[in-house]
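Text of work_11.pdb (PDB, C-alpha atoms, pLDDT in the B column) as supplied:
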ATOM      1  CA  GLU A   1     -39.383 -21.565  37.529  1.00 52.00           C
ATOM      2  CA  THR A   2     -38.591 -17.927  36.837  1.00 66.00           C
ATOM      3  CA  GLY A   3     -35.087 -16.517  37.048  1.00 87.00           C
ATOM      4  CA  VAL A   4     -33.857 -13.301  38.603  1.00 92.00           C
ATOM      5  CA  THR A   5     -35.512 -10.220  37.184  1.00 94.00           C
ATOM      6  CA  GLN A   6     -34.056  -6.731  37.494  1.00 96.00           C
ATOM      7  CA  SER A   7     -35.653  -3.397  36.684  1.00 96.00           C
ATOM      8  CA  PRO A   8     -35.147  -1.084  35.030  1.00 97.00           C
ATOM      9  CA  THR A   9     -32.683  -2.406  32.460  1.00 95.00           C
ATOM     10  CA  HIS A  10     -31.225   1.004  31.739  1.00 96.00           C
ATOM     11  CA  LEU A  11     -31.291   4.259  33.650  1.00 96.00           C
ATOM     12  CA  ILE A  12     -29.771   7.708  33.273  1.00 98.00           C
ATOM     13  CA  LYS A  13     -29.480   9.951  36.316  1.00 98.00           C
ATOM     14  CA  THR A  14     -27.879  13.278  37.096  1.00 98.00           C
ATOM     15  CA  ARG A  15     -25.086  13.649  39.616  1.00 98.00           C
ATOM     16  CA  GLY A  16     -26.481  14.277  43.099  1.00 98.00           C
ATOM     17  CA  GLN A  17     -29.760  12.472  42.449  1.00 98.00           C
ATOM     18  CA  GLN A  18     -31.002   9.322  44.134  1.00 98.00           C
ATOM     19  CA  VAL A  19     -31.813   6.023  42.430  1.00 98.00           C
ATOM     20  CA  THR A  20     -33.629   2.819  43.348  1.00 98.00           C
ATOM     21  CA  LEU A  21     -32.949  -0.433  41.555  1.00 98.00           C
ATOM     22  CA  ARG A  22     -35.170  -3.475  41.954  1.00 98.00           C
ATOM     23  CA  CYS A  23     -34.648  -7.207  41.914  1.00 97.00           C
ATOM     24  CA  SER A  24     -37.077 -10.104  41.992  1.00 94.00           C
ATOM     25  CA  SER A  25     -35.425 -13.246  43.279  1.00 89.00           C
ATOM     26  CA  GLN A  26     -35.746 -16.632  41.694  1.00 83.00           C
ATOM     27  CA  SER A  27     -38.613 -18.645  43.136  1.00 81.00           C
ATOM     28  CA  GLY A  28     -37.616 -20.392  46.359  1.00 80.00           C
ATOM     29  CA  HIS A  29     -34.546 -18.221  46.938  1.00 83.00           C
ATOM     30  CA  ASN A  30     -34.260 -16.279  50.208  1.00 86.00           C
ATOM     31  CA  THR A  31     -30.790 -14.775  49.831  1.00 89.00           C
ATOM     32  CA  VAL A  32     -30.021 -11.839  47.589  1.00 92.00           C
ATOM     33  CA  SER A  33     -26.719 -10.137  46.830  1.00 93.00           C
ATOM     34  CA  TRP A  34     -25.905  -6.984  44.909  1.00 96.00           C
ATOM     35  CA  TYR A  35     -22.782  -6.371  42.859  1.00 97.00           C
ATOM     36  CA  GLN A  36     -21.432  -3.352  40.998  1.00 97.00           C
ATOM     37  CA  GLN A  37     -19.614  -3.996  37.725  1.00 95.00           C
ATOM     38  CA  ALA A  38     -17.772  -1.032  36.282  1.00 95.00           C
ATOM     39  CA  LEU A  39     -16.911  -1.100  32.606  1.00 91.00           C
ATOM     40  CA  GLY A  40     -14.110  -3.569  31.915  1.00 88.00           C
ATOM     41  CA  GLN A  41     -13.973  -4.783  35.513  1.00 92.00           C
ATOM     42  CA  GLY A  42     -15.178  -7.755  37.482  1.00 93.00           C
ATOM     43  CA  PRO A  43     -18.208  -7.411  39.736  1.00 95.00           C
ATOM     44  CA  GLN A  44     -17.628  -5.917  43.194  1.00 96.00           C
ATOM     45  CA  PHE A  45     -19.704  -7.070  46.162  1.00 94.00           C
ATOM     46  CA  ILE A  46     -21.961  -4.377  47.634  1.00 97.00           C
ATOM     47  CA  PHE A  47     -24.048  -6.259  50.214  1.00 94.00           C
ATOM     48  CA  GLN A  48     -26.109  -9.365  50.858  1.00 92.00           C
ATOM     49  CA  TYR A  49     -29.443 -10.012  52.555  1.00 92.00           C
ATOM     50  CA  TYR A  50     -30.714 -13.252  54.037  1.00 88.00           C
ATOM     51  CA  ARG A  51     -34.331 -13.402  55.174  1.00 88.00           C
ATOM     52  CA  GLU A  52     -34.615  -9.598  55.250  1.00 90.00           C
ATOM     53  CA  GLU A  53     -31.456  -9.057  57.315  1.00 91.00           C
ATOM     54  CA  GLU A  54     -28.207  -7.690  55.940  1.00 91.00           C
ATOM     55  CA  ASN A  55     -25.553 -10.330  56.579  1.00 87.00           C
ATOM     56  CA  GLY A  56     -22.597  -9.010  54.641  1.00 88.00           C
ATOM     57  CA  ARG A  57     -21.328  -5.764  53.191  1.00 92.00           C
ATOM     58  CA  GLY A  58     -18.495  -4.847  50.880  1.00 92.00           C
ATOM     59  CA  ASN A  59     -16.369  -1.722  50.792  1.00 93.00           C
ATOM     60  CA  PHE A  60     -19.093   0.696  49.718  1.00 97.00           C
ATOM     61  CA  PRO A  61     -20.095   3.940  51.459  1.00 97.00           C
ATOM     62  CA  PRO A  62     -23.327   4.247  53.461  1.00 96.00           C
ATOM     63  CA  ARG A  63     -25.057   6.069  50.613  1.00 98.00           C
ATOM     64  CA  PHE A  64     -25.444   2.586  49.141  1.00 98.00           C
ATOM     65  CA  SER A  65     -28.297   0.964  51.038  1.00 96.00           C
ATOM     66  CA  GLY A  66     -30.727  -1.845  50.495  1.00 96.00           C
ATOM     67  CA  LEU A  67     -33.798  -3.697  51.557  1.00 95.00           C
ATOM     68  CA  GLN A  68     -35.119  -7.197  51.250  1.00 94.00           C
ATOM     69  CA  PHE A  69     -38.866  -7.657  51.438  1.00 93.00           C
ATOM     70  CA  PRO A  70     -40.910 -10.550  52.893  1.00 91.00           C
ATOM     71  CA  ASN A  71     -41.314 -12.017  49.404  1.00 88.00           C
ATOM     72  CA  TYR A  72     -37.484 -11.889  49.173  1.00 87.00           C
ATOM     73  CA  SER A  73     -37.438  -9.312  46.417  1.00 92.00           C
ATOM     74  CA  SER A  74     -34.912  -6.558  46.988  1.00 96.00           C
ATOM     75  CA  GLU A  75     -34.021  -2.929  46.364  1.00 97.00           C
ATOM     76  CA  LEU A  76     -30.704  -1.168  46.044  1.00 98.00           C
ATOM     77  CA  ASN A  77     -30.770   2.542  46.816  1.00 98.00           C
ATOM     78  CA  VAL A  78     -27.971   4.925  46.003  1.00 98.00           C
ATOM     79  CA  ASN A  79     -28.070   8.495  47.293  1.00 97.00           C
ATOM     80  CA  ALA A  80     -26.064  11.516  46.131  1.00 98.00           C
ATOM     81  CA  LEU A  81     -25.038   9.870  42.881  1.00 98.00           C
ATOM     82  CA  GLU A  82     -21.509  10.397  41.649  1.00 98.00           C
ATOM     83  CA  LEU A  83     -20.140   9.967  38.143  1.00 98.00           C
ATOM     84  CA  ASP A  84     -18.161   6.912  39.308  1.00 97.00           C
ATOM     85  CA  ASP A  85     -21.405   5.184  40.231  1.00 98.00           C
ATOM     86  CA  SER A  86     -21.980   4.591  36.530  1.00 98.00           C
ATOM     87  CA  ALA A  87     -21.893   0.817  36.183  1.00 97.00           C
ATOM     88  CA  LEU A  88     -23.851  -2.362  35.633  1.00 96.00           C
ATOM     89  CA  TYR A  89     -25.586  -3.372  38.862  1.00 97.00           C
ATOM     90  CA  LEU A  90     -26.146  -7.083  39.214  1.00 96.00           C
ATOM     91  CA  CYS A  91     -28.476  -8.858  41.561  1.00 95.00           C
ATOM     92  CA  ALA A  92     -27.990 -12.513  42.469  1.00 93.00           C
ATOM     93  CA  SER A  93     -30.270 -14.767  44.456  1.00 89.00           C
ATOM     94  CA  GLY A  94     -29.605 -18.036  46.197  1.00 84.00           C
ATOM     95  CA  GLU A  95     -31.192 -20.624  48.424  1.00 78.00           C
ATOM     96  CA  GLY A  96     -30.187 -20.467  52.061  1.00 69.00           C
ATOM     97  CA  GLN A  97     -26.794 -19.153  53.026  1.00 64.00           C
ATOM     98  CA  ASN A  98     -24.793 -21.136  50.528  1.00 61.00           C
ATOM     99  CA  ASN A  99     -23.447 -19.624  47.347  1.00 55.00           C
ATOM    100  CA  TYR A 100     -23.250 -22.839  45.400  1.00 61.00           C
ATOM    101  CA  GLY A 101     -25.987 -21.902  43.036  1.00 66.00           C
ATOM    102  CA  TYR A 102     -26.289 -18.145  42.844  1.00 83.00           C
ATOM    103  CA  THR A 103     -28.462 -17.059  39.921  1.00 87.00           C
ATOM    104  CA  PHE A 104     -27.645 -13.674  38.478  1.00 91.00           C
ATOM    105  CA  GLY A 105     -30.014 -11.283  36.798  1.00 93.00           C
ATOM    106  CA  SER A 106     -29.145  -9.432  33.601  1.00 93.00           C
ATOM    107  CA  GLY A 107     -28.446  -6.263  35.502  1.00 95.00           C
ATOM    108  CA  THR A 108     -29.368  -2.583  35.444  1.00 96.00           C
ATOM    109  CA  ARG A 109     -27.089  -0.280  33.468  1.00 96.00           C
ATOM    110  CA  LEU A 110     -26.870   3.012  35.403  1.00 98.00           C
ATOM    111  CA  THR A 111     -25.352   6.046  33.763  1.00 98.00           C
ATOM    112  CA  VAL A 112     -24.695   9.136  35.873  1.00 98.00           C
ATOM    113  CA  VAL A 113     -24.196  12.370  33.949  1.00 97.00           C
TER
ATOM    114  CA  ALA B   1      -8.770 -11.988  52.503  1.00 76.00           C
ATOM    115  CA  GLN B   2      -9.545 -13.974  49.389  1.00 84.00           C
ATOM    116  CA  SER B   3      -8.671 -12.775  45.904  1.00 91.00           C
ATOM    117  CA  VAL B   4      -8.134 -14.116  42.406  1.00 94.00           C
ATOM    118  CA  THR B   5      -5.877 -13.041  39.579  1.00 96.00           C
ATOM    119  CA  GLN B   6      -6.803 -13.831  36.017  1.00 97.00           C
ATOM    120  CA  LEU B   7      -3.793 -13.954  33.749  1.00 94.00           C
ATOM    121  CA  GLY B   8      -4.480 -12.416  30.365  1.00 93.00           C
ATOM    122  CA  SER B   9      -7.258  -9.910  29.853  1.00 94.00           C
ATOM    123  CA  HIS B  10      -7.728 -11.148  26.287  1.00 97.00           C
ATOM    124  CA  VAL B  11      -7.285 -14.647  24.866  1.00 97.00           C
ATOM    125  CA  SER B  12      -7.749 -15.552  21.215  1.00 97.00           C
ATOM    126  CA  VAL B  13      -8.110 -19.125  19.949  1.00 97.00           C
ATOM    127  CA  SER B  14      -9.102 -20.720  16.673  1.00 97.00           C
ATOM    128  CA  GLU B  15     -12.323 -22.638  16.416  1.00 97.00           C
ATOM    129  CA  GLY B  16     -11.601 -26.232  17.424  1.00 97.00           C
ATOM    130  CA  ALA B  17      -8.493 -25.362  19.430  1.00 98.00           C
ATOM    131  CA  LEU B  18      -7.936 -25.854  23.138  1.00 98.00           C
ATOM    132  CA  VAL B  19      -9.241 -23.122  25.436  1.00 98.00           C
ATOM    133  CA  LEU B  20      -7.145 -22.351  28.523  1.00 98.00           C
ATOM    134  CA  LEU B  21      -8.093 -19.478  30.805  1.00 98.00           C
ATOM    135  CA  ARG B  22      -5.871 -18.975  33.822  1.00 98.00           C
ATOM    136  CA  CYS B  23      -6.870 -18.153  37.367  1.00 97.00           C
ATOM    137  CA  ASN B  24      -4.718 -18.054  40.478  1.00 96.00           C
ATOM    138  CA  TYR B  25      -6.197 -17.532  43.911  1.00 94.00           C
ATOM    139  CA  SER B  26      -5.073 -16.262  47.249  1.00 91.00           C
ATOM    140  CA  SER B  27      -6.875 -17.506  50.312  1.00 83.00           C
ATOM    141  CA  SER B  28      -6.093 -17.941  53.983  1.00 78.00           C
ATOM    142  CA  VAL B  29      -8.663 -20.724  54.249  1.00 79.00           C
ATOM    143  CA  PRO B  30      -9.687 -23.551  51.909  1.00 80.00           C
ATOM    144  CA  PRO B  31     -11.432 -21.655  49.154  1.00 86.00           C
ATOM    145  CA  TYR B  32     -14.623 -22.058  47.243  1.00 89.00           C
ATOM    146  CA  LEU B  33     -13.828 -21.310  43.586  1.00 92.00           C
ATOM    147  CA  PHE B  34     -16.089 -20.497  40.678  1.00 93.00           C
ATOM    148  CA  TRP B  35     -16.004 -19.731  36.986  1.00 96.00           C
ATOM    149  CA  TYR B  36     -18.729 -17.564  35.469  1.00 95.00           C
ATOM    150  CA  VAL B  37     -19.369 -16.551  31.858  1.00 96.00           C
ATOM    151  CA  GLN B  38     -20.914 -13.266  30.749  1.00 95.00           C
ATOM    152  CA  TYR B  39     -22.272 -12.713  27.264  1.00 92.00           C
ATOM    153  CA  PRO B  40     -22.746  -9.140  25.989  1.00 87.00           C
ATOM    154  CA  ASN B  41     -25.513  -7.266  27.766  1.00 80.00           C
ATOM    155  CA  GLN B  42     -26.300 -10.224  29.991  1.00 85.00           C
ATOM    156  CA  GLY B  43     -25.732 -11.255  33.584  1.00 88.00           C
ATOM    157  CA  LEU B  44     -23.382 -13.920  34.847  1.00 92.00           C
ATOM    158  CA  GLN B  45     -23.917 -17.618  34.250  1.00 92.00           C
ATOM    159  CA  LEU B  46     -22.251 -20.208  36.463  1.00 92.00           C
ATOM    160  CA  LEU B  47     -20.013 -22.567  34.497  1.00 95.00           C
ATOM    161  CA  LEU B  48     -18.674 -24.646  37.363  1.00 93.00           C
ATOM    162  CA  LYS B  49     -17.676 -24.554  41.011  1.00 90.00           C
ATOM    163  CA  TYR B  50     -15.157 -26.165  43.345  1.00 90.00           C
ATOM    164  CA  THR B  51     -16.334 -26.742  46.889  1.00 82.00           C
ATOM    165  CA  SER B  52     -13.638 -29.054  48.303  1.00 76.00           C
ATOM    166  CA  ALA B  53     -14.928 -32.235  46.713  1.00 74.00           C
ATOM    167  CA  ALA B  54     -13.235 -33.628  43.585  1.00 84.00           C
ATOM    168  CA  THR B  55     -10.325 -31.521  42.370  1.00 89.00           C
ATOM    169  CA  LEU B  56     -11.332 -31.927  38.715  1.00 94.00           C
ATOM    170  CA  VAL B  57     -14.624 -30.167  38.217  1.00 93.00           C
ATOM    171  CA  LYS B  58     -16.783 -30.554  35.152  1.00 94.00           C
ATOM    172  CA  GLY B  59     -19.181 -27.817  34.181  1.00 94.00           C
ATOM    173  CA  ILE B  60     -21.609 -26.883  31.499  1.00 93.00           C
ATOM    174  CA  ASN B  61     -20.891 -26.492  27.793  1.00 93.00           C
ATOM    175  CA  GLY B  62     -17.886 -28.837  27.925  1.00 96.00           C
ATOM    176  CA  PHE B  63     -15.798 -26.731  30.301  1.00 97.00           C
ATOM    177  CA  GLU B  64     -13.813 -28.123  33.180  1.00 97.00           C
ATOM    178  CA  ALA B  65     -11.337 -26.822  35.750  1.00 97.00           C
ATOM    179  CA  GLU B  66      -8.765 -28.423  38.015  1.00 95.00           C
ATOM    180  CA  PHE B  67      -8.075 -27.232  41.535  1.00 94.00           C
ATOM    181  CA  LYS B  68      -4.335 -27.382  42.256  1.00 94.00           C
ATOM    182  CA  LYS B  69      -3.557 -26.397  45.805  1.00 91.00           C
ATOM    183  CA  SER B  70       0.225 -26.572  45.337  1.00 91.00           C
ATOM    184  CA  GLU B  71      -0.016 -24.052  42.503  1.00 93.00           C
ATOM    185  CA  THR B  72      -2.969 -22.078  43.974  1.00 94.00           C
ATOM    186  CA  SER B  73      -4.578 -22.343  40.573  1.00 95.00           C
ATOM    187  CA  PHE B  74      -8.002 -23.077  39.148  1.00 96.00           C
ATOM    188  CA  HIS B  75      -7.553 -22.865  35.382  1.00 98.00           C
ATOM    189  CA  LEU B  76     -10.519 -23.294  33.048  1.00 98.00           C
ATOM    190  CA  THR B  77     -10.189 -25.508  29.980  1.00 98.00           C
ATOM    191  CA  LYS B  78     -12.233 -26.759  27.065  1.00 98.00           C
ATOM    192  CA  PRO B  79     -10.818 -29.229  24.530  1.00 97.00           C
ATOM    193  CA  SER B  80     -12.366 -27.664  21.444  1.00 97.00           C
ATOM    194  CA  ALA B  81     -13.528 -24.062  21.143  1.00 97.00           C
ATOM    195  CA  HIS B  82     -16.792 -23.133  19.483  1.00 97.00           C
ATOM    196  CA  MET B  83     -17.693 -19.760  18.076  1.00 96.00           C
ATOM    197  CA  SER B  84     -20.440 -19.552  20.696  1.00 95.00           C
ATOM    198  CA  ASP B  85     -17.812 -19.641  23.474  1.00 97.00           C
ATOM    199  CA  ALA B  86     -16.785 -16.063  22.702  1.00 97.00           C
ATOM    200  CA  ALA B  87     -17.597 -14.141  25.882  1.00 97.00           C
ATOM    201  CA  GLU B  88     -16.145 -12.659  29.075  1.00 97.00           C
ATOM    202  CA  TYR B  89     -15.058 -15.200  31.689  1.00 98.00           C
ATOM    203  CA  PHE B  90     -14.710 -14.458  35.382  1.00 97.00           C
ATOM    204  CA  CYS B  91     -13.011 -16.458  38.080  1.00 96.00           C
ATOM    205  CA  ALA B  92     -14.296 -15.893  41.607  1.00 94.00           C
ATOM    206  CA  VAL B  93     -13.359 -17.001  45.121  1.00 91.00           C
ATOM    207  CA  SER B  94     -15.267 -17.147  48.370  1.00 86.00           C
ATOM    208  CA  ALA B  95     -14.060 -17.889  51.878  1.00 78.00           C
ATOM    209  CA  LYS B  96     -16.970 -20.136  52.668  1.00 71.00           C
ATOM    210  CA  SER B  97     -20.458 -20.977  51.674  1.00 66.00           C
ATOM    211  CA  GLY B  98     -22.716 -17.964  51.912  1.00 68.00           C
ATOM    212  CA  TYR B  99     -19.951 -15.403  51.780  1.00 74.00           C
ATOM    213  CA  ALA B 100     -19.459 -12.776  49.126  1.00 84.00           C
ATOM    214  CA  LEU B 101     -17.808 -13.664  45.860  1.00 89.00           C
ATOM    215  CA  ASN B 102     -14.545 -11.881  45.019  1.00 92.00           C
ATOM    216  CA  PHE B 103     -14.200 -11.730  41.253  1.00 95.00           C
ATOM    217  CA  GLY B 104     -11.190 -11.366  39.034  1.00 96.00           C
ATOM    218  CA  LYS B 105     -11.064  -8.688  36.357  1.00 95.00           C
ATOM    219  CA  GLY B 106     -12.138 -11.118  33.685  1.00 97.00           C
ATOM    220  CA  THR B 107     -10.725 -12.606  30.507  1.00 97.00           C
ATOM    221  CA  SER B 108     -12.288 -11.865  27.154  1.00 97.00           C
ATOM    222  CA  LEU B 109     -12.251 -14.953  24.931  1.00 97.00           C
ATOM    223  CA  LEU B 110     -12.228 -14.428  21.176  1.00 97.00           C
ATOM    224  CA  VAL B 111     -12.815 -17.423  18.895  1.00 97.00           C
ATOM    225  CA  THR B 112     -11.714 -17.037  15.284  1.00 97.00           C
ATOM    226  CA  PRO B 113     -12.895 -19.189  12.367  1.00 95.00           C
TER
END

Rewrite the structure of this file - the entire thing - as structure tokens.
Amino acid sequence: ETGVTQSPTHLIKTRGQQVTLRCSSQSGHNTVSWYQQALGQGPQFIFQYYREEENGRGNFPPRFSGLQFPNYSSELNVNALELDDSALYLCASGEGQNNYGYTFGSGTRLTVV
Amino acid sequence: AQSVTQLGSHVSVSEGALVLLRCNYSSSVPPYLFWYVQYPNQGLQLLLKYTSAATLVKGINGFEAEFKKSETSFHLTKPSAHMSDAAEYFCAVSAKSGYALNFGKGTSLLVTP
């Protein structure tokens, strides 16, 4: 059984650019959530997908968008990058709509310069 | 809305001493509560969870937590600290199964020889 895999592990982008982060869910999981973790802070919920439909969203602007694919892998897209978007982005997958056993990936470290 | 407050951003204990990490929650409904651990440059690992069953919850690596409704607390304890316990610990709350996790700001645990 594989865990949650995120790519890339590190990324440097320039302010104003767009970025796509990817997440492969753990086998058998059909729910995926994305979190943003700024340095020295706890993770903040961005959004969640269940069976390819968004079913929850945190307090993030529309330039943060996502997709979940039929194989339940997922993408997080961020447009018009700002310096404050620099953070660790974590993906978590789960089975069904319960959060008892979310499995987190190791994250993508995004630096915006 | 659900939220958690972790008391103490840094906690230092000697190897073999009791570990106590504090978490208080605020919730308008019976909460689901979690403790996660994060090692440097890694994602989050679930230590334990409370989902309205037994109030004393046992987790991995010898950790346990007790849900106290009267005190709105969910403190994490371990009888004897190991050097390998040094990490960042996050308390999280959710309104119900399948909802987003709201994390605290984290407590950094330092274990000294």

message = Can you pull out the residues contacting Ser14 in chain B? Cut-off 9 Å, using only C-alpha atoms, and skip same-chain residues under 6 positions away; I want them as a list in words.
response =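 What passes the distance filter is Ala81, His82, Met83, Leu110, Val111, Thr112 and Pro113 of chain B.
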
Take the PyMOL selection byres ((chain A and resi 51) around 12), run it mentally on this structure, and tell me the resulting residues as a PDB file with C-alpha atoms, keeping the file's coordinate frame.
ATOM      1  CA  SER A  25     -35.425 -13.246  43.279  1.00 89.00           C
ATOM      2  CA  GLY A  28     -37.616 -20.392  46.359  1.00 80.00           C
ATOM      3  CA  HIS A  29     -34.546 -18.221  46.938  1.00 83.00           C
ATOM      4  CA  ASN A  30     -34.260 -16.279  50.208  1.00 86.00           C
ATOM      5  CA  THR A  31     -30.790 -14.775  49.831  1.00 89.00           C
ATOM      6  CA  VAL A  32     -30.021 -11.839  47.589  1.00 92.00           C
ATOM      7  CA  SER A  33     -26.719 -10.137  46.830  1.00 93.00           C
ATOM      8  CA  GLN A  48     -26.109  -9.365  50.858  1.00 92.00           C
ATOM      9  CA  TYR A  49     -29.443 -10.012  52.555  1.00 92.00           C
ATOM     10  CA  TYR A  50     -30.714 -13.252  54.037  1.00 88.00           C
ATOM     11  CA  GLU A  52     -34.615  -9.598  55.250  1.00 90.00           C
ATOM     12  CA  GLU A  53     -31.456  -9.057  57.315  1.00 91.00           C
ATOM     13  CA  GLU A  54     -28.207  -7.690  55.940  1.00 91.00           C
ATOM     14  CA  ASN A  55     -25.553 -10.330  56.579  1.00 87.00           C
ATOM     15  CA  LEU A  67     -33.798  -3.697  51.557  1.00 95.00           C
ATOM     16  CA  GLN A  68     -35.119  -7.197  51.250  1.00 94.00           C
ATOM     17  CA  PHE A  69     -38.866  -7.657  51.438  1.00 93.00           C
ATOM     18  CA  PRO A  70     -40.910 -10.550  52.893  1.00 91.00           C
ATOM     19  CA  ASN A  71     -41.314 -12.017  49.404  1.00 88.00           C
ATOM     20  CA  TYR A  72     -37.484 -11.889  49.173  1.00 87.00           C
ATOM     21  CA  SER A  73     -37.438  -9.312  46.417  1.00 92.00           C
ATOM     22  CA  SER A  74     -34.912  -6.558  46.988  1.00 96.00           C
ATOM     23  CA  SER A  93     -30.270 -14.767  44.456  1.00 89.00           C
ATOM     24  CA  GLY A  94     -29.605 -18.036  46.197  1.00 84.00           C
ATOM     25  CA  GLU A  95     -31.192 -20.624  48.424  1.00 78.00           C
ATOM     26  CA  GLY A  96     -30.187 -20.467  52.061  1.00 69.00           C
ATOM     27  CA  GLN A  97     -26.794 -19.153  53.026  1.00 64.00           C
TER      28      GLN A  97
END

Contact table chain B vs chain A, cut-off 8 Å, shortest pair per residue, only C-alpha atoms, as JSON lines:
{"residue": "B:Asn41", "atom": "CA", "partner": "A:Ser106", "partner_atom": "CA", "distance": 7.2}
{"residue": "B:Gln42", "atom": "CA", "partner": "A:Ser106", "partner_atom": "CA", "distance": 4.7}
{"residue": "B:Gly43", "atom": "CA", "partner": "A:Ser106", "partner_atom": "CA", "distance": 3.9}
{"residue": "B:Leu44", "atom": "CA", "partner": "A:Phe104", "partner_atom": "CA", "distance": 5.6}
{"residue": "B:Gln45", "atom": "CA", "partner": "A:Phe104", "partner_atom": "CA", "distance": 6.9}
{"residue": "B:Leu46", "atom": "CA", "partner": "A:Gly101", "partner_atom": "CA", "distance": 7.7}
{"residue": "B:Lys49", "atom": "CA", "partner": "A:Tyr100", "partner_atom": "CA", "distance": 7.3}
{"residue": "B:Phe90", "atom": "CA", "partner": "A:Gly42", "partner_atom": "CA", "distance": 7.0}
{"residue": "B:Ser97", "atom": "CA", "partner": "A:Asn98", "partner_atom": "CA", "distance": 4.5}
{"residue": "B:Gly98", "atom": "CA", "partner": "A:Asn98", "partner_atom": "CA", "distance": 4.0}
{"residue": "B:Tyr99", "atom": "CA", "partner": "A:Asn99", "partner_atom": "CA", "distance": 7.0}
{"residue": "B:Ala100", "atom": "CA", "partner": "A:Phe45", "partner_atom": "CA", "distance": 6.4}
{"residue": "B:Leu101", "atom": "CA", "partner": "A:Phe45", "partner_atom": "CA", "distance": 6.9}
{"residue": "B:Asn102", "atom": "CA", "partner": "A:Gln44", "partner_atom": "CA", "distance": 7.0}
{"residue": "B:Phe103", "atom": "CA", "partner": "A:Gly42", "partner_atom": "CA", "distance": 5.6}
{"residue": "B:Gly104", "atom": "CA", "partner": "A:Gly42", "partner_atom": "CA", "distance": 5.6}
{"residue": "B:Lys105", "atom": "CA", "partner": "A:Gly42", "partner_atom": "CA", "distance": 4.4}
{"residue": "B:Gly106", "atom": "CA", "partner": "A:Gly42", "partner_atom": "CA", "distance": 5.9}

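Counting all atoms listed in the file and comparing B:Ala95, B:Glu71, B:Gly8, B:Lys78, the residue that lies closest to Gly59 in chain B is B:Lys78.
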
ask   = For the atom pair CA of Leu18 in chain B and CA of Lys69 in chain B, what is the interatomic distance in Å to one decimal place?
value =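 Computing it gives 23.1 Å between the two atoms.
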
request  = Find the distance between CA of Val112 in chain A and CA of Ser7 in chain A and write it in Å to one decimal.
outcome  =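 Separation of CA of Val112 in chain A and CA of Ser7 in chain A: 16.7 Å.
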
Residues matched by the PyMOL selection byres ((chain B and resi 29) around 12), written as a count of residues only = 18

message = When the PyMOL selection byres ((chain B and resi 63) around 7) is applied to the structure above, which residues does it catch, written out as a ChimeraX atom specification?
response = /B:58-62,64,76-78

Rebuild range 48-60 of chain A so that it carries N, CA and C atoms, then output the result as a short mmCIF file (atom, residue, chain, number, x, y, z; two decimals), keeping the file's coordinate frame.
data_model
loop_
_atom_site.label_atom_id
_atom_site.label_comp_id
_atom_site.auth_asym_id
_atom_site.auth_seq_id
_atom_site.Cartn_x
_atom_site.Cartn_y
_atom_site.Cartn_z
N GLN A 48 -25.30 -8.16 50.98
CA GLN A 48 -26.11 -9.36 50.86
C GLN A 48 -27.18 -9.36 51.94
N TYR A 49 -28.34 -9.87 51.61
CA TYR A 49 -29.44 -10.01 52.56
C TYR A 49 -29.88 -11.47 52.61
N TYR A 50 -30.18 -11.91 53.84
CA TYR A 50 -30.71 -13.25 54.04
C TYR A 50 -31.93 -13.11 54.93
N ARG A 51 -33.08 -13.50 54.42
CA ARG A 51 -34.33 -13.40 55.17
C ARG A 51 -34.51 -12.02 55.78
N GLU A 52 -34.34 -11.00 54.95
CA GLU A 52 -34.62 -9.60 55.25
C GLU A 52 -33.57 -8.93 56.13
N GLU A 53 -32.51 -9.65 56.51
CA GLU A 53 -31.46 -9.06 57.32
C GLU A 53 -30.16 -8.96 56.50
N GLU A 54 -29.49 -7.81 56.61
CA GLU A 54 -28.21 -7.69 55.94
C GLU A 54 -27.20 -8.57 56.67
N ASN A 55 -26.52 -9.44 55.93
CA ASN A 55 -25.55 -10.33 56.58
C ASN A 55 -24.18 -10.28 55.92
N GLY A 56 -23.93 -9.19 55.22
CA GLY A 56 -22.60 -9.01 54.64
C GLY A 56 -22.57 -7.73 53.85
N ARG A 57 -21.44 -7.03 53.90
CA ARG A 57 -21.33 -5.76 53.19
C ARG A 57 -19.91 -5.60 52.67
N GLY A 58 -19.80 -5.11 51.46
CA GLY A 58 -18.50 -4.85 50.88
C GLY A 58 -18.03 -3.44 51.20
N ASN A 59 -16.99 -3.01 50.52
CA ASN A 59 -16.37 -1.72 50.79
C ASN A 59 -17.07 -0.61 50.01
N PHE A 60 -18.31 -0.37 50.35
CA PHE A 60 -19.09 0.70 49.72
C PHE A 60 -19.58 1.65 50.79
#
